$ cat final.cif   # mmCIF, C-alpha atoms
data_target
loop_
_atom_site.label_atom_id
_atom_site.label_comp_id
_atom_site.auth_asym_id
_atom_site.auth_seq_id
_atom_site.Cartn_x
_atom_site.Cartn_y
_atom_site.Cartn_z
CA MET A 1 -0.21 -1.28 5.60
CA GLY A 2 -3.90 -1.46 6.49
CA PHE A 3 -7.09 -2.11 4.65
CA GLU A 4 -7.73 -0.03 1.57
CA ALA A 5 -11.35 -1.06 1.31
CA GLY A 6 -13.09 -0.11 4.50
CA SER A 7 -14.16 -3.69 5.03
CA SER A 8 -15.78 -5.41 7.98
CA SER A 9 -16.57 -8.90 9.15
CA ASN A 10 -20.12 -7.65 9.80
CA ALA A 11 -20.70 -7.93 6.06
CA LEU A 12 -20.10 -11.66 6.27
CA ASN A 13 -22.87 -12.01 8.86
CA ALA A 14 -25.49 -9.86 7.12
CA PRO A 15 -29.02 -11.23 7.27
CA SER A 16 -29.48 -10.98 3.53
CA PRO A 17 -27.06 -10.85 0.56
CA PRO A 18 -25.87 -7.27 -0.09
CA ARG A 19 -26.76 -5.37 -3.22
CA GLU A 20 -24.39 -3.08 -5.06
CA ASP A 21 -25.71 -0.06 -3.16
CA THR A 22 -25.40 -1.74 0.24
CA PRO A 23 -22.65 -0.09 2.35
CA LEU A 24 -19.70 -2.36 3.10
CA LEU A 25 -19.64 -1.37 6.77
CA GLY A 26 -22.33 -2.22 9.24
CA HIS A 27 -23.89 0.40 11.49
CA SER A 28 -23.74 -1.35 14.86
CA PRO A 29 -22.90 0.95 17.78
CA GLN A 30 -19.20 1.10 18.60
CA ALA A 31 -16.87 3.06 20.83
CA LEU A 32 -15.41 6.03 18.99
CA SER A 33 -11.64 6.57 18.74
CA SER A 34 -9.69 9.19 20.64
CA GLN A 35 -7.16 11.39 18.88
CA ALA A 36 -4.29 9.17 20.04
CA LYS A 37 -6.01 6.02 18.79
CA THR A 38 -6.79 7.68 15.47
CA PHE A 39 -3.10 8.62 15.14
CA ALA A 40 -2.16 4.96 15.78
CA ASN A 41 -4.79 3.65 13.35
CA VAL A 42 -3.63 5.94 10.54
CA PHE A 43 -0.02 4.96 11.21
CA ILE A 44 -0.80 1.23 11.08
CA ALA A 45 -2.98 1.68 7.99
CA ILE A 46 -0.18 3.30 5.99
CA VAL A 47 3.14 1.90 7.21
CA GLY A 48 3.94 -1.47 5.69
CA ALA A 49 6.41 -3.45 3.63
CA GLY A 50 6.93 -0.60 1.17
CA VAL A 51 9.33 1.05 3.61
CA LEU A 52 11.86 -1.75 2.97
CA GLY A 53 12.30 -0.63 -0.64
CA LEU A 54 12.94 3.02 0.18
CA PRO A 55 16.76 2.84 0.62
CA TYR A 56 17.06 1.28 -2.84
CA SER A 57 14.82 4.02 -4.23
CA PHE A 58 17.09 6.60 -2.56
CA LYS A 59 20.04 4.95 -4.32
CA ARG A 60 18.32 5.16 -7.71
CA THR A 61 16.96 8.70 -7.44
CA GLY A 62 19.38 10.43 -5.07
CA TRP A 63 18.73 11.22 -1.43
CA VAL A 64 17.64 14.85 -1.81
CA MET A 65 15.29 14.07 -4.69
CA ASN A 66 13.73 11.18 -2.82
CA LEU A 67 13.26 13.20 0.35
CA LEU A 68 11.42 15.83 -1.69
CA MET A 69 9.29 13.09 -3.27
CA ILE A 70 8.37 11.61 0.11
CA PHE A 71 7.22 14.91 1.61
CA PHE A 72 5.39 15.88 -1.58
CA VAL A 73 3.55 12.54 -1.75
CA ALA A 74 2.73 12.74 1.97
CA ALA A 75 1.19 16.22 1.55
CA LEU A 76 -0.70 15.24 -1.59
CA THR A 77 -2.00 12.02 -0.02
CA HIS A 78 -3.25 13.97 3.01
CA TYR A 79 -4.99 16.47 0.75
CA CYS A 80 -6.70 13.76 -1.33
CA MET A 81 -7.79 11.83 1.76
CA MET A 82 -9.42 14.99 3.07
CA LEU A 83 -11.14 15.51 -0.30
CA LEU A 84 -12.88 12.18 0.28
CA VAL A 85 -13.90 13.24 3.80
CA TYR A 86 -15.27 16.60 2.59
CA THR A 87 -17.16 14.90 -0.25
CA ARG A 88 -18.71 12.37 2.11
CA ARG A 89 -19.74 15.10 4.60
CA LYS A 90 -21.33 17.12 1.82
CA LEU A 91 -23.36 14.18 0.52
CA GLU A 92 -24.46 12.99 3.97
CA SER A 93 -25.64 16.50 4.82
CA SER A 94 -27.97 16.42 1.82
CA ASN A 95 -31.39 14.86 2.01
CA GLY A 96 -31.80 11.42 0.52
CA PHE A 97 -28.28 10.11 1.15
CA SER A 98 -27.66 7.32 3.63
CA LYS A 99 -24.47 6.59 5.55
CA ILE A 100 -21.42 6.43 3.25
CA ALA A 101 -19.04 4.03 4.96
CA SER A 102 -16.27 3.33 2.46
CA PHE A 103 -14.46 4.46 -0.68
CA GLY A 104 -16.61 2.09 -2.75
CA ASP A 105 -19.83 3.44 -1.22
CA LEU A 106 -18.71 6.97 -2.09
CA GLY A 107 -17.91 5.91 -5.66
CA PHE A 108 -21.39 4.45 -6.03
CA THR A 109 -23.05 7.53 -4.54
CA VAL A 110 -21.18 9.94 -6.81
CA CYS A 111 -20.86 7.98 -10.06
CA GLY A 112 -23.26 5.04 -9.71
CA SER A 113 -22.21 1.55 -10.75
CA THR A 114 -19.28 2.89 -12.78
CA GLY A 115 -17.83 4.62 -9.73
CA ARG A 116 -18.07 1.55 -7.55
CA PHE A 117 -16.64 -0.62 -10.33
CA LEU A 118 -13.58 1.65 -10.71
CA VAL A 119 -12.95 1.72 -6.97
CA ASP A 120 -13.48 -2.04 -6.66
CA ILE A 121 -11.08 -2.84 -9.50
CA LEU A 122 -8.36 -0.55 -8.15
CA ILE A 123 -8.75 -1.89 -4.61
CA ILE A 124 -8.48 -5.46 -5.88
CA LEU A 125 -5.34 -4.63 -7.88
CA SER A 126 -3.72 -2.65 -5.06
CA GLN A 127 -4.49 -5.12 -2.28
CA ALA A 128 -3.50 -8.12 -4.39
CA GLY A 129 -0.40 -6.19 -5.51
CA PHE A 130 0.61 -5.63 -1.90
CA CYS A 131 0.27 -9.35 -1.27
CA VAL A 132 2.36 -10.19 -4.32
CA GLY A 133 5.05 -7.90 -2.91
CA TYR A 134 4.81 -9.73 0.43
CA LEU A 135 5.42 -13.10 -1.20
CA ILE A 136 8.34 -11.74 -3.23
CA PHE A 137 9.89 -10.40 -0.04
CA ILE A 138 9.33 -13.67 1.84
CA GLY A 139 10.80 -15.75 -0.98
CA ASN A 140 13.86 -13.56 -1.55
CA THR A 141 14.53 -13.11 2.16
CA LEU A 142 14.37 -16.82 2.97
CA VAL A 143 16.76 -17.48 0.08
CA ASP A 144 19.12 -14.88 1.55
CA VAL A 145 18.84 -16.30 5.09
CA GLY A 146 19.38 -19.86 3.88
CA ASN A 147 22.18 -18.75 1.53
CA LEU A 148 20.85 -21.08 -1.15
CA SER A 149 21.80 -20.96 -4.80
CA THR A 150 20.88 -24.46 -5.99
CA SER A 151 17.46 -25.74 -6.92
CA ILE A 152 15.29 -27.61 -4.40
CA LEU A 153 13.08 -30.42 -5.71
CA GLY A 154 13.61 -29.03 -9.18
CA LEU A 155 12.48 -25.52 -8.17
CA ALA A 156 14.49 -22.33 -7.86
CA PRO A 157 14.98 -21.46 -4.15
CA LYS A 158 12.61 -18.47 -4.30
CA SER A 159 9.93 -20.53 -6.05
CA PHE A 160 10.33 -23.33 -3.51
CA TYR A 161 9.67 -20.99 -0.58
CA ILE A 162 6.70 -19.29 -2.24
CA TRP A 163 5.12 -22.64 -3.11
CA GLY A 164 5.90 -23.76 0.44
CA CYS A 165 3.82 -20.86 1.79
CA LEU A 166 0.83 -21.76 -0.36
CA PRO A 167 -0.77 -24.56 1.74
CA PHE A 168 -0.54 -22.46 4.90
CA GLN A 169 -1.91 -19.38 3.14
CA LEU A 170 -4.83 -21.40 1.81
CA GLY A 171 -5.65 -22.30 5.40
CA LEU A 172 -5.27 -18.77 6.76
CA ASN A 173 -7.25 -17.25 3.91
CA SER A 174 -10.08 -19.68 4.61
CA ILE A 175 -10.86 -17.81 7.84
CA ALA A 176 -14.08 -15.93 7.20
CA SER A 177 -14.13 -13.38 10.03
CA LEU A 178 -11.74 -10.48 10.52
CA THR A 179 -12.36 -10.83 14.25
CA HIS A 180 -10.46 -14.12 14.24
CA LEU A 181 -7.63 -12.50 12.30
CA ALA A 182 -7.30 -9.51 14.65
CA PRO A 183 -4.70 -11.15 16.98
CA LEU A 184 -2.56 -11.96 13.93
CA SER A 185 -2.83 -8.34 12.80
CA ILE A 186 -1.69 -6.97 16.17
CA PHE A 187 1.19 -9.44 16.34
CA ALA A 188 2.26 -8.61 12.78
CA ASP A 189 2.22 -4.85 13.45
CA VAL A 190 4.34 -5.18 16.60
CA VAL A 191 6.91 -7.34 14.78
CA ASP A 192 6.96 -4.94 11.82
CA LEU A 193 7.62 -1.82 13.89
CA GLY A 194 10.25 -3.58 15.99
CA ALA A 195 12.06 -4.84 12.90
CA ILE A 196 12.03 -1.40 11.24
CA GLY A 197 13.53 0.10 14.39
CA VAL A 198 16.29 -2.52 14.51
CA VAL A 199 17.11 -2.00 10.82
CA MET A 200 17.45 1.75 11.34
CA VAL A 201 19.80 1.22 14.31
CA GLU A 202 21.90 -1.21 12.25
CA ASP A 203 22.06 1.29 9.39
CA VAL A 204 23.29 4.04 11.69
CA LEU A 205 25.97 1.77 13.21
CA VAL A 206 27.22 0.76 9.76
CA PHE A 207 27.24 4.39 8.60
CA LEU A 208 29.32 5.46 11.64
CA LYS A 209 31.93 2.82 10.83
CA GLN A 210 32.36 3.68 7.18
CA SER A 211 31.09 6.26 4.71
CA HIS A 212 30.06 5.80 1.09
CA ALA A 213 29.82 8.16 -1.83
CA VAL A 214 26.18 9.14 -2.28
CA LYS A 215 24.39 11.27 -4.83
CA ALA A 216 21.81 13.96 -4.12
CA PHE A 217 19.98 13.80 -7.45
CA GLY A 218 19.66 10.88 -9.82
CA GLY A 219 18.29 12.73 -12.82
CA VAL A 220 14.90 13.11 -14.45
CA SER A 221 15.08 9.61 -15.94
CA VAL A 222 14.46 7.93 -12.57
CA PHE A 223 11.95 10.46 -11.22
CA PHE A 224 8.87 8.40 -12.06
CA TYR A 225 10.45 5.27 -10.62
CA GLY A 226 11.00 6.98 -7.27
CA MET A 227 7.53 8.49 -7.30
CA GLY A 228 6.01 5.04 -7.78
CA VAL A 229 7.79 3.67 -4.71
CA ALA A 230 6.84 6.75 -2.64
CA VAL A 231 3.17 6.52 -3.65
CA TYR A 232 3.12 2.80 -2.82
CA SER A 233 4.63 3.50 0.60
CA PHE A 234 1.90 6.03 1.47
CA GLU A 235 -1.03 4.12 0.02
CA GLY A 236 -3.90 4.16 2.48
CA VAL A 237 -6.41 6.56 0.95
CA GLY A 238 -9.22 4.02 1.23
CA MET A 239 -8.96 4.12 5.02
CA ALA A 240 -9.78 7.84 5.25
CA LEU A 241 -13.56 7.40 5.47
CA PRO A 242 -13.64 4.48 7.94
CA LEU A 243 -11.10 6.16 10.22
CA GLU A 244 -12.90 9.50 10.18
CA SER A 245 -16.20 7.72 10.94
CA GLU A 246 -14.67 6.07 14.00
CA MET A 247 -13.15 9.26 15.45
CA LYS A 248 -14.88 10.88 18.43
CA ASP A 249 -13.93 14.48 17.59
CA LYS A 250 -14.34 14.49 13.81
CA ASP A 251 -13.51 18.19 13.47
CA LYS A 252 -9.91 17.38 14.44
CA PHE A 253 -9.50 14.49 12.02
CA GLY A 254 -7.70 16.63 9.43
CA LYS A 255 -5.21 17.89 12.03
CA ILE A 256 -4.49 14.39 13.37
CA LEU A 257 -4.17 13.03 9.83
CA ALA A 258 -1.69 15.78 8.92
CA LEU A 259 0.35 15.14 12.07
CA THR A 260 0.47 11.41 11.36
CA MET A 261 1.46 11.91 7.73
CA ALA A 262 4.25 14.29 8.76
CA PHE A 263 5.55 11.78 11.32
CA ILE A 264 5.46 8.94 8.76
CA ALA A 265 7.22 11.12 6.18
CA LEU A 266 10.01 11.87 8.66
CA MET A 267 10.33 8.18 9.53
CA TYR A 268 10.36 7.16 5.86
CA GLY A 269 12.91 9.83 5.04
CA GLY A 270 15.18 8.75 7.88
CA PHE A 271 14.83 5.06 7.05
CA GLY A 272 15.57 5.56 3.35
CA ALA A 273 18.42 8.00 3.88
CA PHE A 274 20.14 5.99 6.64
CA GLY A 275 19.92 2.83 4.56
CA TYR A 276 21.41 4.53 1.51
CA PHE A 277 24.11 6.37 3.49
CA ALA A 278 25.12 3.10 5.18
CA PHE A 279 25.60 1.05 2.01
CA GLY A 280 25.84 3.54 -0.85
CA GLU A 281 25.74 2.01 -4.32
CA ASP A 282 25.70 -1.47 -2.77
CA THR A 283 22.17 -0.90 -1.40
CA LYS A 284 19.95 -3.87 -2.33
CA ASP A 285 16.34 -3.74 -3.47
CA MET A 286 15.39 -4.95 0.03
CA ILE A 287 17.51 -3.24 2.66
CA THR A 288 17.43 -6.39 4.81
CA ALA A 289 19.67 -8.08 2.22
CA ASN A 290 22.46 -5.65 3.22
CA LEU A 291 22.43 -6.57 6.90
CA GLY A 292 24.67 -9.63 6.61
CA GLY A 293 24.21 -12.98 8.29
CA GLY A 294 24.54 -12.24 12.00
CA PHE A 295 22.05 -13.41 14.60
CA VAL A 296 20.28 -10.06 14.94
CA SER A 297 20.10 -9.63 11.18
CA THR A 298 18.69 -13.12 10.69
CA LEU A 299 16.14 -12.55 13.46
CA VAL A 300 14.99 -9.28 11.85
CA LYS A 301 14.61 -10.89 8.44
CA LEU A 302 12.65 -13.83 9.81
CA GLY A 303 10.53 -11.45 11.90
CA LEU A 304 9.61 -9.44 8.82
CA CYS A 305 8.76 -12.64 6.96
CA VAL A 306 6.48 -13.69 9.82
CA ASN A 307 4.89 -10.24 9.82
CA LEU A 308 4.09 -10.33 6.11
CA PHE A 309 3.03 -13.99 6.23
CA PHE A 310 0.29 -13.22 8.77
CA THR A 311 -0.59 -9.84 7.22
CA LEU A 312 -1.32 -11.35 3.80
CA PRO A 313 -4.76 -12.87 4.64
CA ILE A 314 -5.79 -9.60 6.30
CA MET A 315 -4.80 -7.57 3.24
CA MET A 316 -6.66 -9.98 0.97
CA ASN A 317 -9.92 -9.66 2.91
CA PRO A 318 -11.15 -6.54 1.03
CA VAL A 319 -10.53 -8.42 -2.22
CA TYR A 320 -12.66 -11.32 -1.00
CA GLU A 321 -15.51 -9.03 0.03
CA ILE A 322 -15.58 -7.35 -3.39
CA VAL A 323 -15.25 -10.58 -5.41
CA GLU A 324 -17.81 -12.44 -3.30
CA ARG A 325 -20.19 -9.49 -3.52
CA ARG A 326 -20.00 -9.45 -7.30
CA PHE A 327 -19.77 -13.17 -8.11
CA TRP A 328 -21.21 -15.06 -5.14
CA GLY A 329 -24.10 -12.98 -3.83
CA GLY A 330 -22.05 -11.49 -1.00
CA THR A 331 -21.66 -14.81 0.79
CA TYR A 332 -18.52 -16.72 1.77
CA CYS A 333 -16.95 -18.75 -1.05
CA LEU A 334 -13.94 -20.93 -0.24
CA TRP A 335 -12.97 -21.90 -3.77
CA LEU A 336 -12.93 -18.26 -4.94
CA ARG A 337 -10.60 -17.36 -2.08
CA TRP A 338 -8.27 -20.23 -2.85
CA LEU A 339 -8.23 -19.32 -6.54
CA LEU A 340 -7.22 -15.74 -5.72
CA VAL A 341 -4.42 -16.93 -3.40
CA VAL A 342 -3.06 -19.18 -6.16
CA LEU A 343 -3.18 -16.33 -8.69
CA VAL A 344 -1.30 -14.00 -6.32
CA SER A 345 1.34 -16.69 -5.78
CA LEU A 346 1.77 -17.21 -9.52
CA VAL A 347 2.35 -13.50 -10.10
CA ALA A 348 4.89 -13.41 -7.25
CA LEU A 349 6.82 -16.24 -8.89
CA SER A 350 7.22 -14.24 -12.11
CA VAL A 351 8.49 -10.94 -10.61
CA PRO A 352 12.17 -10.95 -9.61
CA ASN A 353 12.70 -7.56 -7.94
CA PHE A 354 10.86 -6.33 -4.83
CA ALA A 355 11.45 -2.59 -5.28
CA ASP A 356 10.59 -2.66 -8.99
CA PHE A 357 7.26 -4.28 -8.18
CA LEU A 358 6.58 -1.63 -5.52
CA SER A 359 7.09 1.02 -8.18
CA LEU A 360 4.77 -0.78 -10.61
CA VAL A 361 1.89 -1.10 -8.13
CA GLY A 362 2.46 2.41 -6.81
CA SER A 363 2.40 3.94 -10.27
CA GLY A 364 -0.13 1.76 -12.05
CA VAL A 365 -2.74 1.45 -9.30
CA CYS A 366 -2.10 3.63 -6.27
CA CYS A 367 -1.80 6.85 -8.31
CA ALA A 368 -5.28 6.29 -9.73
CA LEU A 369 -6.75 5.27 -6.38
CA GLY A 370 -5.09 8.06 -4.43
CA PHE A 371 -4.72 11.00 -6.84
CA VAL A 372 -7.31 10.58 -9.62
CA LEU A 373 -10.55 9.38 -8.04
CA PRO A 374 -10.62 11.64 -4.91
CA PRO A 375 -10.42 14.94 -6.87
CA LEU A 376 -12.80 13.51 -9.49
CA PHE A 377 -15.45 12.70 -6.87
CA HIS A 378 -14.84 16.05 -5.15
CA LEU A 379 -15.21 17.95 -8.41
CA LYS A 380 -18.50 16.22 -9.29
CA VAL A 381 -20.05 16.99 -5.90
CA PHE A 382 -18.70 20.56 -5.40
CA ARG A 383 -18.58 21.68 -9.05
CA SER A 384 -21.07 24.53 -8.52
CA GLU A 385 -19.40 25.84 -5.34
CA ILE A 386 -15.61 25.79 -5.71
CA GLY A 387 -15.06 28.33 -8.49
CA TRP A 388 -12.41 28.23 -11.18
CA LYS A 389 -9.52 27.89 -8.71
CA GLY A 390 -11.11 24.80 -7.18
CA TRP A 391 -11.75 23.37 -10.62
CA ALA A 392 -8.14 24.02 -11.66
CA LEU A 393 -6.78 22.39 -8.49
CA ASP A 394 -8.93 19.26 -8.79
CA VAL A 395 -8.26 18.88 -12.51
CA GLY A 396 -4.55 19.55 -11.97
CA ILE A 397 -4.28 16.80 -9.35
CA MET A 398 -6.16 14.39 -11.61
CA LEU A 399 -3.83 15.14 -14.52
CA LEU A 400 -0.80 14.77 -12.26
CA GLY A 401 -2.09 11.39 -11.07
CA ILE A 402 -2.63 10.24 -14.65
CA VAL A 403 0.83 11.41 -15.80
CA LEU A 404 2.55 9.83 -12.80
CA GLY A 405 0.56 6.64 -13.24
CA VAL A 406 1.21 6.16 -16.94
CA SER A 407 4.87 7.25 -16.90
CA GLY A 408 5.69 5.39 -13.69
CA THR A 409 4.08 2.22 -14.97
CA TRP A 410 6.12 2.40 -18.17
CA TYR A 411 9.41 2.88 -16.33
CA ALA A 412 8.59 0.17 -13.80
CA LEU A 413 7.78 -2.32 -16.57
CA LEU A 414 11.09 -1.49 -18.24
CA GLU A 415 12.86 -2.17 -14.95
CA ILE A 416 11.11 -5.53 -14.51
CA PHE A 417 11.31 -6.91 -18.04
CA PHE A 418 14.36 -5.11 -19.53
CA PRO A 419 16.60 -4.26 -16.55
CA LYS A 420 19.91 -4.39 -18.42
CA VAL A 421 18.65 -2.31 -21.34
CA ASN A 422 17.11 0.23 -19.00
CA ASP A 423 20.24 0.44 -16.84
CA PHE A 424 22.23 1.23 -20.00
CA LYS A 425 19.78 3.99 -20.91
CA LEU A 426 19.93 5.45 -17.42
CA SER A 427 23.74 5.43 -17.43
CA VAL A 428 23.75 7.29 -20.75
CA LEU A 429 21.28 9.87 -19.39
#
$ encode --input "final.cif" --output "structure tokens"
Amino acid sequence: MGFEAGSSSNALNAPSPPREDTPLLGHSPQALSSQAKTFANVFIAIVGAGVLGLPYSFKRTGWVMNLLMIFFVAALTHYCMMLLVYTRRKLESSNGFSKIASFGDLGFTVCGSTGRFLVDILIILSQAGFCVGYLIFIGNTLVDVGNLSTSILGLAPKSFYIWGCLPFQLGLNSIASLTHLAPLSIFADVVDLGAIGVVMVEDVLVFLKQSHAVKAFGGVSVFFYGMGVAVYSFEGVGMALPLESEMKDKDKFGKILALTMAFIALMYGGFGAFGYFAFGEDTKDMITANLGGGFVSTLVKLGLCVNLFFTLPIMMNPVYEIVERRFWGGTYCLWLRWLLVVLVSLVALSVPNFADFLSLVGSGVCCALGFVLPPLFHLKVFRSEIGWKGWALDVGIMLLGIVLGVSGTWYALLEIFFPKVNDFKLSVL
């Protein structure tokens, strides 16, 4: 999953410290992207570790219900991303507005300091939340690969592996320039896509050998849980403006974005359904835990761990830019970066379940970032032009985002802190 902040290493080399109204992206000339490259960039920006929790979400909500959720969230995410693009185009066509390079820049232009603050806070929470999920996955997967159940040096196995990652992450997160991290990003994306492909093949082979009883609908009680995971898996709304800016033929951005979202939705649906069909009610919160201990399975698990290990500093970069902008004059600050890495690691140590955490971040943060702010900004800019139908649509999406966010957060917290009590309630319902 790519940057949600529209960040750039150019900001680190700016001649003077940025102010709040300074765009995050520089304006140096660059080659514009073709349609094919834009397709690839959108795909990389959205597809990430969230896909690994989809089979478990299918198990909880039922395969038909979850398929409907995935395609609904894909369509809604596309619509809200285009709202940001239309809002930016409208503002830039007006006199007195400079280049709007990122989600945060748009928030400042539309709502002033409050708008940028809201976007900044949500980006920090979402990006840091993704990284917490990465560490949970790494810890749990290494425990599964090592087949450990006893403590190591007085630490639980998962805690031992997460603490073991810390010194290396402190080093990687000390790298100031995204340019130096680019090779790691490419390597991580290749490993990620290869591993997802292998997992899908393994799922199909297992399904062909034996069938399991599966359910189509899991009931209303788990709807918000599934929506949280789906929203997390499609989170990438903050990349809409940077990607549209970099496209050569901007008039076709909406078409390419729709095509990419449809392709990702089909891939997500297939991945989640195959995983659930292969293992039924035995589907784990991370589908890799169902693959057994063979050589190929172990290689896939380790490959995914490597992918997330090297992706973490890239995903944290937007957080560093925002925090350093607000607390360190926009200049590089090593101790702030190290503090944030330690805080992310501490949160990862306290959350036991990967899929539950996906649902929490998806509901509590990504709903607001993806479904509340885009229609809000659009409504403020186009309020005199869109008529009552436009008002109703924007307000309706905002209300939906708020309802999904609040309800999904509540159910996700129940899953994390009271799993046995909540499982009893779900079985009764």
$ resolve_selection --input "final.cif" --expression "the PyMOL selection byres ((chain A and resi 47-57) around 9)" --output "MDAnalysis selection string"
chainID A and resid 1:2 42:46 58:63 66 130 133:134 137 189 192:193 196 225:226 229:230 232:236 264 268:269 271:277 281 283:288 304 308 354:356 358
$ closest_residue --input "final.cif" --among "A:Leu142, A:Leu166, A:Cys366, A:Ile175" --to "Leu346 (chain A)" --atoms "only C-alpha atoms"
A:Leu166
$ residues_around --input "final.cif" --residues "Met69 (chain A)" --least-positions-apart "4" --cutoff "7 Å" --atoms "all atoms listed in the file" --output "list in words"
Met65, Val73, Met227 and Ala230 of chain A
$ closest_residue --input "final.cif" --among "A:Phe207, A:Tyr79, A:Phe72, A:Phe187" --to "Lys255 (chain A)" --atoms "only C-alpha atoms"
A:Tyr79
$ atom_distance --input "final.cif" --atom1 "CA of Phe279 (chain A)" --atom2 "CA of Glu202 (chain A)"
11.1 Å
$ atom_distance --input "final.cif" --atom1 "CA of Ser174 (chain A)" --atom2 "CA of Arg337 (chain A)"
7.1 Å
$ residues_around --input "final.cif" --residues "Glu244 (chain A)" --least-positions-apart "4" --cutoff "10 Å" --atoms "all atoms listed in the file" --output "VMD selection string"
chain A and resid 32 to 33 38 42 82 85 101 239 to 240 248 to 254 257
$ closest_residue --input "final.cif" --among "A:Phe224, A:Ala258, A:Leu291, A:Trp391" --to "Thr409 (chain A)" --atoms "all atoms listed in the file"
A:Phe224
$ atom_distance --input "final.cif" --atom1 "CA of Phe108 (chain A)" --atom2 "CA of Leu336 (chain A)"
24.3 Å
$ build_atoms --input "final.cif" --residues "region 405-416 of chain A" --atoms "N, CA, C and O atoms" --output "tab-separated table (two decimals), keeping the file's coordinate frame"
chain	number	residue	atom	x	y	z
A	405	GLY	N	0.95	8.04	-13.09
A	405	GLY	CA	0.56	6.64	-13.24
A	405	GLY	C	1.06	6.03	-14.53
A	405	GLY	O	1.67	4.95	-14.53
A	406	VAL	N	0.82	6.70	-15.64
A	406	VAL	CA	1.21	6.16	-16.94
A	406	VAL	C	2.74	6.11	-17.08
A	406	VAL	O	3.31	5.08	-17.46
A	407	SER	N	3.41	7.20	-16.76
A	407	SER	CA	4.87	7.25	-16.90
A	407	SER	C	5.56	6.29	-15.93
A	407	SER	O	6.48	5.56	-16.31
A	408	GLY	N	5.09	6.29	-14.68
A	408	GLY	CA	5.69	5.39	-13.69
A	408	GLY	C	5.50	3.93	-14.03
A	408	GLY	O	6.41	3.12	-13.83
A	409	THR	N	4.33	3.60	-14.56
A	409	THR	CA	4.08	2.22	-14.97
A	409	THR	C	5.02	1.80	-16.09
A	409	THR	O	5.58	0.70	-16.09
A	410	TRP	N	5.23	2.70	-17.04
A	410	TRP	CA	6.12	2.40	-18.17
A	410	TRP	C	7.54	2.16	-17.68
A	410	TRP	O	8.17	1.16	-18.05
A	411	TYR	N	8.05	3.04	-16.83
A	411	TYR	CA	9.41	2.88	-16.33
A	411	TYR	C	9.56	1.64	-15.45
A	411	TYR	O	10.58	0.95	-15.49
A	412	ALA	N	8.53	1.35	-14.66
A	412	ALA	CA	8.59	0.17	-13.80
A	412	ALA	C	8.59	-1.11	-14.63
A	412	ALA	O	9.31	-2.07	-14.32
A	413	LEU	N	7.80	-1.14	-15.70
A	413	LEU	CA	7.78	-2.32	-16.57
A	413	LEU	C	9.13	-2.50	-17.26
A	413	LEU	O	9.59	-3.64	-17.45
A	414	LEU	N	9.75	-1.39	-17.66
A	414	LEU	CA	11.09	-1.49	-18.24
A	414	LEU	C	12.07	-2.08	-17.24
A	414	LEU	O	12.92	-2.91	-17.60
A	415	GLU	N	11.97	-1.66	-15.97
A	415	GLU	CA	12.86	-2.17	-14.95
A	415	GLU	C	12.67	-3.67	-14.73
A	415	GLU	O	13.61	-4.42	-14.50
A	416	ILE	N	11.41	-4.12	-14.79
A	416	ILE	CA	11.11	-5.53	-14.51
A	416	ILE	C	11.50	-6.43	-15.68
A	416	ILE	O	12.14	-7.47	-15.49
